[in-house]
>>> print(open('protein.txt').read())   # compact mmCIF, C-alpha atoms
# COMPACT_ATOMS: atom_id res chain seq x y z
CA MET A 208 86.50 91.29 84.78
CA PRO A 209 85.21 94.70 83.75
CA GLU A 210 87.46 96.82 81.57
CA MET A 211 87.95 100.46 82.43
CA SER A 212 89.80 103.49 81.12
CA LEU A 213 91.17 106.50 82.90
CA SER A 214 93.86 109.07 82.38
CA VAL A 215 96.99 108.83 84.51
CA ASN A 216 99.46 111.70 84.37
CA GLY A 217 98.04 112.74 81.03
CA LYS A 218 98.16 109.31 79.41
CA SER A 219 95.05 107.30 78.68
CA VAL A 220 95.17 103.75 80.01
CA THR A 221 92.74 100.84 79.79
CA ARG A 222 92.88 97.85 82.13
CA GLU A 223 90.72 95.00 83.34
CA VAL A 224 90.10 95.28 87.08
CA GLU A 225 88.06 93.43 89.69
CA GLY A 226 85.33 95.25 91.55
CA ARG A 227 87.47 95.17 94.68
CA THR A 228 90.62 96.53 93.02
CA LEU A 229 91.59 99.74 94.79
CA LEU A 230 92.86 102.63 92.73
CA VAL A 231 96.21 102.38 94.52
CA ASP A 232 96.55 98.75 93.47
CA LEU A 233 95.82 99.62 89.85
CA LEU A 234 98.43 102.39 89.97
CA ARG A 235 101.14 100.38 91.69
CA GLY A 236 100.50 96.84 90.50
CA GLY A 237 98.78 97.40 87.18
CA LEU A 238 100.69 100.42 85.94
CA GLY A 239 103.96 100.11 87.87
CA LEU A 240 103.61 103.61 89.34
CA THR A 241 105.10 102.75 92.71
CA GLY A 242 105.67 106.36 93.73
CA THR A 243 102.22 106.26 95.30
CA HIS A 244 102.96 104.65 98.65
CA VAL A 245 100.89 102.50 100.97
CA GLY A 246 101.77 103.34 104.54
CA CYS A 247 98.90 101.67 106.35
CA ASP A 248 96.00 99.32 105.77
CA THR A 249 93.47 101.44 107.60
CA SER A 250 92.98 104.48 105.30
CA GLN A 251 94.57 106.80 107.82
CA CYS A 252 98.10 107.69 106.69
CA GLY A 253 97.60 109.58 103.42
CA ALA A 254 100.83 108.31 101.81
CA CYS A 255 98.76 107.09 98.85
CA MET A 256 97.16 110.45 98.13
CA VAL A 257 96.64 111.24 94.44
CA LEU A 258 94.66 113.88 92.60
CA VAL A 259 91.41 112.63 91.09
CA ASP A 260 90.12 115.35 88.76
CA GLY A 261 92.22 117.77 90.78
CA ALA A 262 90.93 116.76 94.23
CA ALA A 263 93.14 115.01 96.80
CA VAL A 264 91.89 111.48 97.38
CA LYS A 265 93.37 108.52 99.24
CA ALA A 266 93.98 106.02 96.44
CA CYS A 267 93.53 103.23 99.00
CA SER A 268 89.99 104.40 99.73
CA ILE A 269 88.46 104.49 96.27
CA PHE A 270 87.89 101.57 93.95
CA ALA A 271 89.62 101.75 90.59
CA LEU A 272 86.27 101.41 88.82
CA GLU A 273 84.99 104.48 90.65
CA ALA A 274 87.71 106.52 88.95
CA GLU A 275 86.71 105.48 85.44
CA GLY A 276 87.02 108.42 83.07
CA CYS A 277 88.83 110.54 85.67
CA GLU A 278 92.13 112.37 85.34
CA ILE A 279 94.58 111.00 87.89
CA THR A 280 97.78 112.75 88.90
CA THR A 281 100.33 110.71 90.83
CA ILE A 282 103.70 111.86 92.13
CA GLU A 283 105.26 110.60 88.88
CA GLY A 284 103.25 113.23 87.01
CA VAL A 285 104.26 116.20 89.14
CA ALA A 286 107.75 117.07 87.85
CA GLY A 287 108.34 118.43 84.35
CA GLU A 288 109.06 115.97 81.56
CA ASP A 289 112.74 116.92 81.71
CA GLY A 290 112.81 116.10 85.41
CA THR A 291 112.58 119.69 86.62
CA LEU A 292 110.99 119.56 90.04
CA SER A 293 107.67 121.34 90.55
CA PRO A 294 107.69 124.32 92.94
CA VAL A 295 106.25 122.14 95.72
CA GLN A 296 108.82 119.39 95.18
CA GLN A 297 111.63 121.96 95.03
CA ALA A 298 110.46 123.50 98.30
CA PHE A 299 110.41 120.09 99.99
CA GLN A 300 114.00 119.57 98.82
CA ASP A 301 115.16 123.05 99.78
CA TYR A 302 113.68 122.92 103.28
CA HIS A 303 114.29 119.22 103.80
CA GLY A 304 110.58 118.56 104.22
CA LEU A 305 111.20 114.87 104.75
CA GLN A 306 113.12 112.44 106.86
CA CYS A 307 112.77 108.89 105.51
CA GLY A 308 110.72 110.18 102.57
CA PHE A 309 108.03 107.51 102.64
CA CYS A 310 105.17 109.95 103.24
CA THR A 311 106.54 112.55 100.81
CA PRO A 312 104.51 111.61 97.71
CA GLY A 313 101.30 112.05 99.70
CA MET A 314 102.58 115.25 101.32
CA VAL A 315 103.46 116.77 97.95
CA ILE A 316 100.11 115.83 96.40
CA SER A 317 98.22 117.09 99.46
CA THR A 318 100.17 120.37 99.37
CA MET A 319 99.33 120.84 95.69
CA ALA A 320 95.64 120.48 96.52
CA LEU A 321 95.98 122.91 99.45
CA LEU A 322 97.69 125.62 97.44
CA LYS A 323 95.13 125.35 94.68
CA GLU A 324 92.37 126.03 97.22
CA ASN A 325 94.31 128.41 99.45
CA PRO A 326 97.41 129.91 97.78
CA SER A 327 98.66 131.59 100.96
CA PRO A 328 97.83 129.34 103.92
CA SER A 329 98.76 130.26 107.47
CA GLU A 330 100.82 127.83 109.55
CA THR A 331 97.64 126.76 111.35
CA GLU A 332 95.85 126.18 108.05
CA ILE A 333 98.78 124.13 106.75
CA ARG A 334 98.83 121.96 109.86
CA LYS A 335 95.06 121.51 109.77
CA TRP A 336 95.13 120.56 106.10
CA LEU A 337 97.90 118.02 106.59
CA GLU A 338 95.93 116.21 109.33
CA GLY A 339 95.31 113.45 106.79
CA ASN A 340 99.00 112.96 106.01
CA PHE A 341 101.08 111.14 108.59
CA CYS A 342 104.84 111.54 108.79
CA ARG A 343 105.81 108.56 110.90
CA CYS A 344 109.24 110.16 111.44
CA THR A 345 107.31 113.12 112.93
CA GLY A 346 109.22 115.55 110.74
CA TYR A 347 106.33 117.97 110.52
CA HIS A 348 108.18 121.22 111.21
CA ASN A 349 110.21 121.12 108.01
CA ILE A 350 107.20 119.91 106.06
CA VAL A 351 105.25 122.97 107.21
CA ARG A 352 108.20 125.19 106.30
CA ALA A 353 108.38 123.57 102.87
CA VAL A 354 104.70 124.31 102.31
CA GLN A 355 105.22 127.92 103.40
CA ALA A 356 108.11 128.19 100.95
CA ALA A 357 106.13 126.56 98.15
CA SER A 358 103.42 129.17 98.65
CA GLY A 359 105.98 131.97 98.36
CA GLN A 360 105.65 132.98 102.00
CA GLU A 361 108.38 133.86 104.41
CA VAL A 362 109.85 130.84 106.14
CA MET A 363 111.57 130.90 109.51
CA GLY A 364 115.09 129.48 109.68
CA THR A 365 117.53 128.52 106.98
CA ARG A 366 117.08 126.40 103.91
CA ALA A 367 118.54 122.91 104.18
CA VAL A 368 120.98 123.60 101.36
CA GLU A 369 122.32 126.64 103.21
CA ALA A 370 122.64 124.83 106.49
CA SER A 371 124.88 122.17 105.01
CA MET B 141 89.13 92.17 100.92
CA TYR B 142 86.62 89.50 100.04
CA ASP B 143 85.57 89.45 96.42
CA PHE B 144 82.43 91.26 95.26
CA GLU B 145 80.98 92.81 92.16
CA LEU B 146 80.79 96.57 91.87
CA ASP B 147 77.94 98.20 90.00
CA ARG B 148 77.88 101.86 89.01
CA PRO B 149 74.31 102.76 88.10
CA THR B 150 73.64 106.25 86.78
CA SER B 151 70.00 106.54 87.86
CA LEU B 152 68.24 106.07 91.17
CA ALA B 153 65.77 103.61 89.64
CA GLU B 154 68.60 101.42 88.35
CA ALA B 155 70.36 101.55 91.72
CA LEU B 156 67.22 100.50 93.59
CA ASP B 157 66.71 97.56 91.22
CA LEU B 158 70.26 96.40 91.87
CA LEU B 159 69.88 96.89 95.62
CA ALA B 160 66.77 94.73 95.63
CA GLU B 161 68.94 91.72 94.84
CA GLU B 162 70.08 89.39 97.61
CA GLY B 163 73.50 90.27 99.04
CA ALA B 164 73.66 93.76 97.52
CA GLU B 165 74.73 96.73 99.64
CA PRO B 166 74.98 100.43 98.81
CA LEU B 167 78.36 102.14 98.54
CA SER B 168 78.50 105.90 98.83
CA GLY B 169 81.81 107.73 99.31
CA GLY B 170 83.22 104.65 101.00
CA GLN B 171 85.28 106.44 103.61
CA THR B 172 83.87 104.16 106.31
CA LEU B 173 82.86 101.15 104.22
CA ILE B 174 86.12 100.70 102.28
CA PRO B 175 88.29 100.58 105.42
CA SER B 176 85.76 98.08 106.85
CA LEU B 177 86.04 95.97 103.70
CA LYS B 178 89.82 96.08 103.84
CA ALA B 179 89.66 94.78 107.41
CA ARG B 180 87.26 92.05 106.25
CA LEU B 181 84.58 93.37 108.58
CA ALA B 182 82.02 93.31 105.77
CA MET B 183 81.33 90.71 103.12
CA PRO B 184 78.88 92.02 100.51
CA GLU B 185 78.35 89.97 97.36
CA ARG B 186 77.62 93.08 95.38
CA LEU B 187 78.23 96.75 96.01
CA VAL B 188 76.05 99.30 94.29
CA SER B 189 77.86 102.62 93.99
CA LEU B 190 75.69 105.69 94.49
CA MET B 191 78.40 108.08 93.33
CA HIS B 192 77.39 108.33 89.69
CA ILE B 193 73.74 109.29 90.14
CA ALA B 194 72.93 112.89 89.22
CA GLU B 195 69.66 112.77 91.24
CA LEU B 196 71.67 112.46 94.45
CA LYS B 197 73.87 115.49 93.78
CA GLY B 198 73.32 119.14 94.40
CA MET B 199 72.15 121.36 97.22
CA ALA B 200 69.67 124.22 97.20
CA VAL B 201 67.72 126.46 99.54
CA GLU B 202 64.04 125.55 99.27
CA GLY B 203 61.88 127.91 101.30
CA ASP B 204 63.17 127.87 104.89
CA ALA B 205 65.30 124.77 104.40
CA LEU B 206 68.63 123.77 102.90
CA VAL B 207 68.11 120.57 100.93
CA ILE B 208 71.23 118.53 100.29
CA GLY B 209 71.41 115.48 98.03
CA GLY B 210 72.55 112.22 99.61
CA GLY B 211 75.55 112.04 97.29
CA VAL B 212 76.94 115.46 98.20
CA THR B 213 80.38 115.31 99.80
CA HIS B 214 81.44 116.90 103.08
CA GLY B 215 83.80 119.15 101.12
CA GLU B 216 80.98 120.34 98.89
CA ILE B 217 78.86 121.14 101.95
CA ALA B 218 81.75 122.92 103.67
CA ARG B 219 82.07 125.20 100.64
CA GLY B 220 78.47 125.31 99.44
CA ALA B 221 76.63 125.95 102.72
CA LYS B 222 78.91 128.75 103.95
CA GLU B 223 76.40 131.46 103.13
CA SER B 224 73.09 129.68 103.63
CA PHE B 225 73.87 127.61 106.75
CA PRO B 226 77.33 128.42 108.16
CA GLY B 227 76.88 126.19 111.22
CA LEU B 228 76.49 123.14 109.00
CA ALA B 229 79.32 124.25 106.70
CA GLY B 230 81.60 124.52 109.73
CA LEU B 231 80.59 121.05 110.89
CA ALA B 232 81.30 119.56 107.45
CA ALA B 233 84.67 121.32 107.26
CA ARG B 234 85.85 119.47 110.36
CA ILE B 235 84.89 115.94 109.35
CA GLY B 236 87.88 113.68 108.81
CA ASP B 237 90.58 115.26 106.67
CA PRO B 238 90.54 116.97 103.25
CA ALA B 239 90.80 113.70 101.31
CA VAL B 240 87.99 112.11 103.31
CA ARG B 241 85.86 115.21 102.73
CA ASN B 242 86.43 114.91 98.98
CA ARG B 243 84.82 111.43 98.93
CA GLY B 244 82.62 110.97 101.99
CA THR B 245 78.97 111.91 101.59
CA ILE B 246 76.20 113.15 103.85
CA GLY B 247 73.90 110.35 102.72
CA GLY B 248 76.48 107.72 103.63
CA SER B 249 77.12 109.29 107.01
CA ILE B 250 73.44 109.68 107.89
CA ALA B 251 72.67 106.10 106.81
CA ASN B 252 75.62 104.68 108.75
CA ASN B 253 74.65 106.57 111.92
CA ASP B 254 77.99 106.11 113.62
CA PRO B 255 77.42 107.10 117.28
CA SER B 256 80.25 109.63 116.95
CA ALA B 257 79.34 111.05 113.53
CA CYS B 258 78.66 114.77 113.18
CA TYR B 259 75.68 115.16 110.81
CA PRO B 260 73.19 113.25 112.98
CA ALA B 261 73.60 115.94 115.67
CA ALA B 262 72.85 118.70 113.16
CA ALA B 263 69.89 116.75 111.76
CA LEU B 264 68.33 116.21 115.21
CA ALA B 265 69.01 119.73 116.48
CA THR B 266 67.45 121.40 113.44
CA GLY B 267 64.54 118.98 113.14
CA ALA B 268 65.68 117.87 109.71
CA THR B 269 63.75 115.58 107.42
CA ILE B 270 65.57 112.60 105.94
CA ARG B 271 64.44 111.94 102.38
CA THR B 272 64.73 108.34 101.29
CA SER B 273 63.99 106.39 98.15
CA LYS B 274 60.59 105.50 99.69
CA ARG B 275 59.47 108.27 102.03
CA GLU B 276 60.33 111.21 104.25
CA ILE B 277 61.35 110.53 107.84
CA ALA B 278 61.70 113.08 110.64
CA ALA B 279 65.20 113.02 112.13
CA ASP B 280 63.60 112.31 115.53
CA ASP B 281 62.31 109.00 114.12
CA PHE B 282 65.29 108.18 111.91
CA PHE B 283 68.24 107.57 114.27
CA THR B 284 67.22 104.52 116.26
CA GLY B 285 70.45 103.34 117.90
CA LEU B 286 74.13 102.60 117.35
CA PHE B 287 74.60 102.27 113.60
CA GLU B 288 70.82 101.71 113.46
CA THR B 289 68.33 103.78 111.50
CA ALA B 290 64.74 103.55 110.33
CA LEU B 291 65.98 102.59 106.84
CA GLU B 292 64.61 99.34 105.53
CA GLU B 293 66.41 96.83 103.35
CA GLY B 294 67.13 98.34 99.94
CA GLU B 295 66.04 101.84 101.01
CA ILE B 296 68.60 104.60 100.65
CA VAL B 297 68.98 108.20 101.80
CA THR B 298 68.40 110.45 98.81
CA GLY B 299 68.73 113.73 100.66
CA VAL B 300 68.40 115.70 103.86
CA SER B 301 66.26 118.80 104.30
CA PHE B 302 67.60 121.00 107.11
CA PRO B 303 65.43 123.85 108.40
CA ILE B 304 67.87 126.78 108.41
CA PRO B 305 68.29 128.20 111.92
CA GLN B 306 68.72 131.89 112.71
CA VAL B 307 72.04 131.01 114.32
CA SER B 308 73.79 127.72 114.96
CA ALA B 309 77.13 126.29 115.98
CA TYR B 310 78.74 122.92 116.52
CA GLY B 311 81.01 122.33 119.48
CA LYS B 312 83.25 119.38 118.65
CA PHE B 313 85.77 117.89 121.01
CA ILE B 314 87.75 115.99 118.45
CA GLN B 315 89.33 112.59 118.86
CA PRO B 316 92.59 113.51 117.16
CA ALA B 317 93.37 110.09 115.63
CA SER B 318 89.96 109.32 114.13
CA HIS B 319 88.75 112.93 113.81
CA PHE B 320 85.35 111.74 115.04
CA ALA B 321 83.66 113.58 117.91
CA LEU B 322 84.62 112.45 121.38
CA ALA B 323 81.82 114.80 122.32
CA GLY B 324 79.93 116.92 119.81
CA VAL B 325 77.02 119.27 120.46
CA PHE B 326 75.02 121.04 117.76
CA VAL B 327 72.98 124.05 118.84
CA ALA B 328 70.40 125.60 116.52
CA ARG B 329 68.28 128.61 117.41
CA PHE B 330 65.03 129.22 115.56
CA ASN B 331 62.29 131.74 116.07
CA GLY B 332 60.55 130.30 119.14
CA ARG B 333 62.58 127.15 119.68
CA VAL B 334 66.11 125.90 120.22
CA GLY B 335 67.44 122.49 119.20
CA VAL B 336 70.38 120.85 120.97
CA ALA B 337 71.72 117.42 119.99
CA VAL B 338 74.68 115.46 121.28
CA THR B 339 76.86 112.96 119.43
CA GLY B 340 79.83 110.80 120.42
CA VAL B 341 78.68 110.56 124.03
CA SER B 342 75.77 108.20 124.64
CA GLU B 343 75.69 104.42 124.46
CA SER B 344 72.34 104.84 122.73
CA GLY B 345 73.75 107.05 119.98
CA VAL B 346 72.91 110.61 119.05
CA PHE B 347 70.22 112.26 121.19
CA ARG B 348 68.46 115.55 121.87
CA TRP B 349 69.29 117.32 125.11
CA GLY B 350 65.84 118.46 126.16
CA GLU B 351 66.84 120.26 129.36
CA ALA B 352 69.35 122.40 127.46
CA GLU B 353 66.80 123.09 124.72
CA ALA B 354 64.24 124.34 127.26
CA ALA B 355 66.74 126.53 129.11
CA LEU B 356 68.04 128.08 125.90
CA ALA B 357 64.56 128.67 124.54
CA ASP B 358 63.94 130.90 127.58
CA SER B 359 67.27 132.68 127.27
CA PHE B 360 69.86 131.94 124.63
CA THR B 361 72.84 132.58 126.89
CA GLU B 362 75.55 130.55 128.60
CA GLU B 363 74.17 131.79 131.95
CA ALA B 364 70.85 130.08 131.26
CA LEU B 365 72.71 126.75 131.28
CA ALA B 366 73.84 127.08 134.92
CA GLY B 367 73.63 123.67 136.57
CA ILE B 368 72.70 121.82 133.40
CA GLU B 369 74.89 118.73 133.08
CA LEU B 370 74.49 115.25 131.67
CA PRO B 371 74.56 112.26 134.00
CA ALA B 372 77.46 109.83 133.48
CA GLU B 373 75.05 106.92 133.42
CA GLY B 374 74.58 105.47 129.94
CA MET B 375 77.50 107.35 128.42
CA ILE B 376 80.19 105.66 126.32
CA ALA B 377 83.20 104.17 128.09
CA ASP B 378 86.22 103.37 125.95
CA MET B 379 89.98 103.91 125.85
CA HIS B 380 89.46 107.54 124.85
CA GLY B 381 87.27 108.58 127.75
CA ALA B 382 85.21 107.44 130.71
CA PRO B 383 81.45 108.10 130.94
CA ASP B 384 81.76 110.99 133.40
CA TYR B 385 84.45 112.58 131.21
CA ARG B 386 82.26 112.38 128.12
CA ALA B 387 79.28 113.80 130.00
CA ARG B 388 81.42 116.65 131.25
CA MET B 389 82.87 117.35 127.79
CA ALA B 390 79.38 117.43 126.31
CA GLY B 391 78.56 120.20 128.79
CA VAL B 392 81.68 122.10 127.76
CA MET B 393 80.90 121.70 124.05
CA LEU B 394 77.33 122.85 124.63
CA ARG B 395 78.52 126.06 126.26
CA ARG B 396 81.13 126.68 123.57
CA ALA B 397 78.54 126.17 120.86
CA VAL B 398 76.15 128.62 122.54
CA ALA B 399 78.96 131.15 122.94
CA ALA B 400 79.90 130.74 119.27
CA ALA B 401 76.30 131.12 118.14
CA SER B 402 75.42 134.06 120.40
>>> encode(input="protein.txt", output="structure tokens")
Amino acid sequence: MPEMSLSVNGKSVTREVEGRTLLVDLLRGGLGLTGTHVGCDTSQCGACMVLVDGAAVKACSIFALEAEGCEITTIEGVAGEDGTLSPVQQAFQDYHGLQCGFCTPGMVISTMALLKENPSPSETEIRKWLEGNFCRCTGYHNIVRAVQAASGQEVMGTRAVEAS
Amino acid sequence: MYDFELDRPTSLAEALDLLAEEGAEPLSGGQTLIPSLKARLAMPERLVSLMHIAELKGMAVEGDALVIGGGVTHGEIARGAKESFPGLAGLAARIGDPAVRNRGTIGGSIANNDPSACYPAAALATGATIRTSKREIAADDFFTGLFETALEEGEIVTGVSFPIPQVSAYGKFIQPASHFALAGVFVARFNGRVGVAVTGVSESGVFRWGEAEAALADSFTEEALAGIELPAEGMIADMHGAPDYRARMAGVMLRRAVAAAS
């Protein structure tokens, strides 16, 4: 099997992989980073989204070997080393941008990519961008609010922590 | 997934050597091929990645045309063609979703010729030239049927040269689950001619709508299209739409594209 190296959450790793090994399988099986979720087998749900050199990519739709030499960011690499949540993660918590939470890693990664490209997206732009991320619970409203909050924009309604 | 070897050549010459071997298939962005492999719908012995070849990257205006390398992603076209060819940039910006656009390439899409893909409509409507590893092929001669092209074994799309229209627009009635076109119409107006091509609609794949082209060449207005409709015969029937529905939607998309481009 070919050996390959890449950087995951700032750490360099080297592994032997098969040609058919998907990046998501290397992350989850090879490296134990199970925060990247697999919500479908058809490349549609976006739960496995990671950043590859800063761009959102479905880790189930790229072979591990194709990411050789790339910088990968998974959900495990998003919070600070002391566990402080990133602004996007904090917004998802504050506005309860999740129901079961399975899609959340992909939503957070996708939102990070959106805000890098468009720091102040409109609601329509947020919804369009998140077309590749399925929330099977259909909890999209709070997800959109969380993205608005993460971008520092006004959000309708109360924060989850205030409502409780 | 069935097992296969994955090669990552860094030059076109190396890739073509690898593709000349029995059982080898090209892999571009993989946003169609990888899901097919996962579903065991394809069984290549060897995949030759085209994603690490500098010769297939880049886009530039050359004379009256925008020339885009086969390995350029939809996202790069959506951003990079905004000024030079906004109609094409808008088309690219609505393919799939952001993650798909970060991987999927124009060369892969053109070579796959999915009957509901977007680029083939733009290529036909503008009279584009498909550049391959062997030759140049006019778009009119390139798309030969459902998932069928003029490409020969081991031949790959290295780029597409699009004549830049004065104005253009793409009307896309989107299938919301797949994000492919349930009916898509690209309209391109040049000095002295108009190109109109339809995707997602016909059982024979992408096609030029000659009657609409002629009417719009006389007068580039929605009014000039009065009475111009596609027949239901020969149009795709599936769970998403009946033939008459698709024909009707193509007419609607045509008019919206003309309105957007006027």
>>> interface_residues(input="protein.txt", of="chain B", to="chain A", cutoff="6 Å", atoms="all atoms listed in the file", output="PyMOL selection string")
chain B and resi 145-146+174-175+237+239
>>> closest_residue(input="protein.txt", among="B:His319, B:His192, B:Lys312, B:Lys274", to="Ala274 of chain A", atoms="only C-alpha atoms")
B:His192
>>> residues_around(input="protein.txt", residues="Gly236 of chain A", least_positions_apart="6", cutoff="12 Å", atoms="all atoms listed in the file", output="PyMOL selection string")
chain A and resi 222+224+228-230+242-245+271
>>> residues_around(input="protein.txt", residues="segment 367-374 of chain B", least_positions_apart="6", cutoff="6 Å", atoms="all atoms listed in the file", output="PyMOL selection string")
chain B and resi 343+383-384+387+391
>>> atom_distance(input="protein.txt", atom1="atom CA of Ile333 of chain A", atom2="atom CA of Val362 of chain A")
13.0 Å
>>> closest_residue(input="protein.txt", among="A:Ala353, A:Gly261, A:Gly284, A:Gly237", to="Asn216 of chain A", atoms="only C-alpha atoms")
A:Gly284
>>> atom_distance(input="protein.txt", atom1="atom CA of Ala382 of chain B", atom2="atom CA of Gly324 of chain B")
15.4 Å
>>> atom_distance(input="protein.txt", atom1="atom CA of Ile250 of chain B", atom2="atom CA of Gly170 of chain B")
13.0 Å
>>> residues_near_point(input="protein.txt", point="(66.1, 128.0, 119.5)", cutoff="8 Å", atoms="only C-alpha atoms", output="list in words")
Pro305, Val327, Ala328, Arg329, Phe330, Asn331, Gly332, Arg333, Val334, Gly335, Glu353, Leu356, Ala357 and Phe360 of chain B
>>> closest_residue(input="protein.txt", among="B:His214, B:Ala321, B:Met191, B:Ala355", to="Pro149 of chain B", atoms="only C-alpha atoms")
B:Met191
>>> residues_around(input="protein.txt", residues="segment 176-190 of chain B", least_positions_apart="2", cutoff="9 Å", atoms="all atoms listed in the file", output="PyMOL selection string")
(chain A and resi 226+248-249+273) or (chain B and resi 141-152+155-156+158-159+161-169+171-174+192-193+196+210-211)
>>> axis_aligned_box(input="protein.txt", around="segment 277-296 of chain A", padding_each_side="5 Å", output="JSON")
{"center_x": 100.8, "center_y": 117.4, "center_z": 88.6, "size_x": 34.0, "size_y": 23.8, "size_z": 24.2}
>>> residues_near_point(input="protein.txt", point="(64.4, 109.1, 105.2)", cutoff="9 Å", atoms="only C-alpha atoms", output="NGL selection string")
:B and (251 or 269-279 or 282 or 290-291 or 295-300)
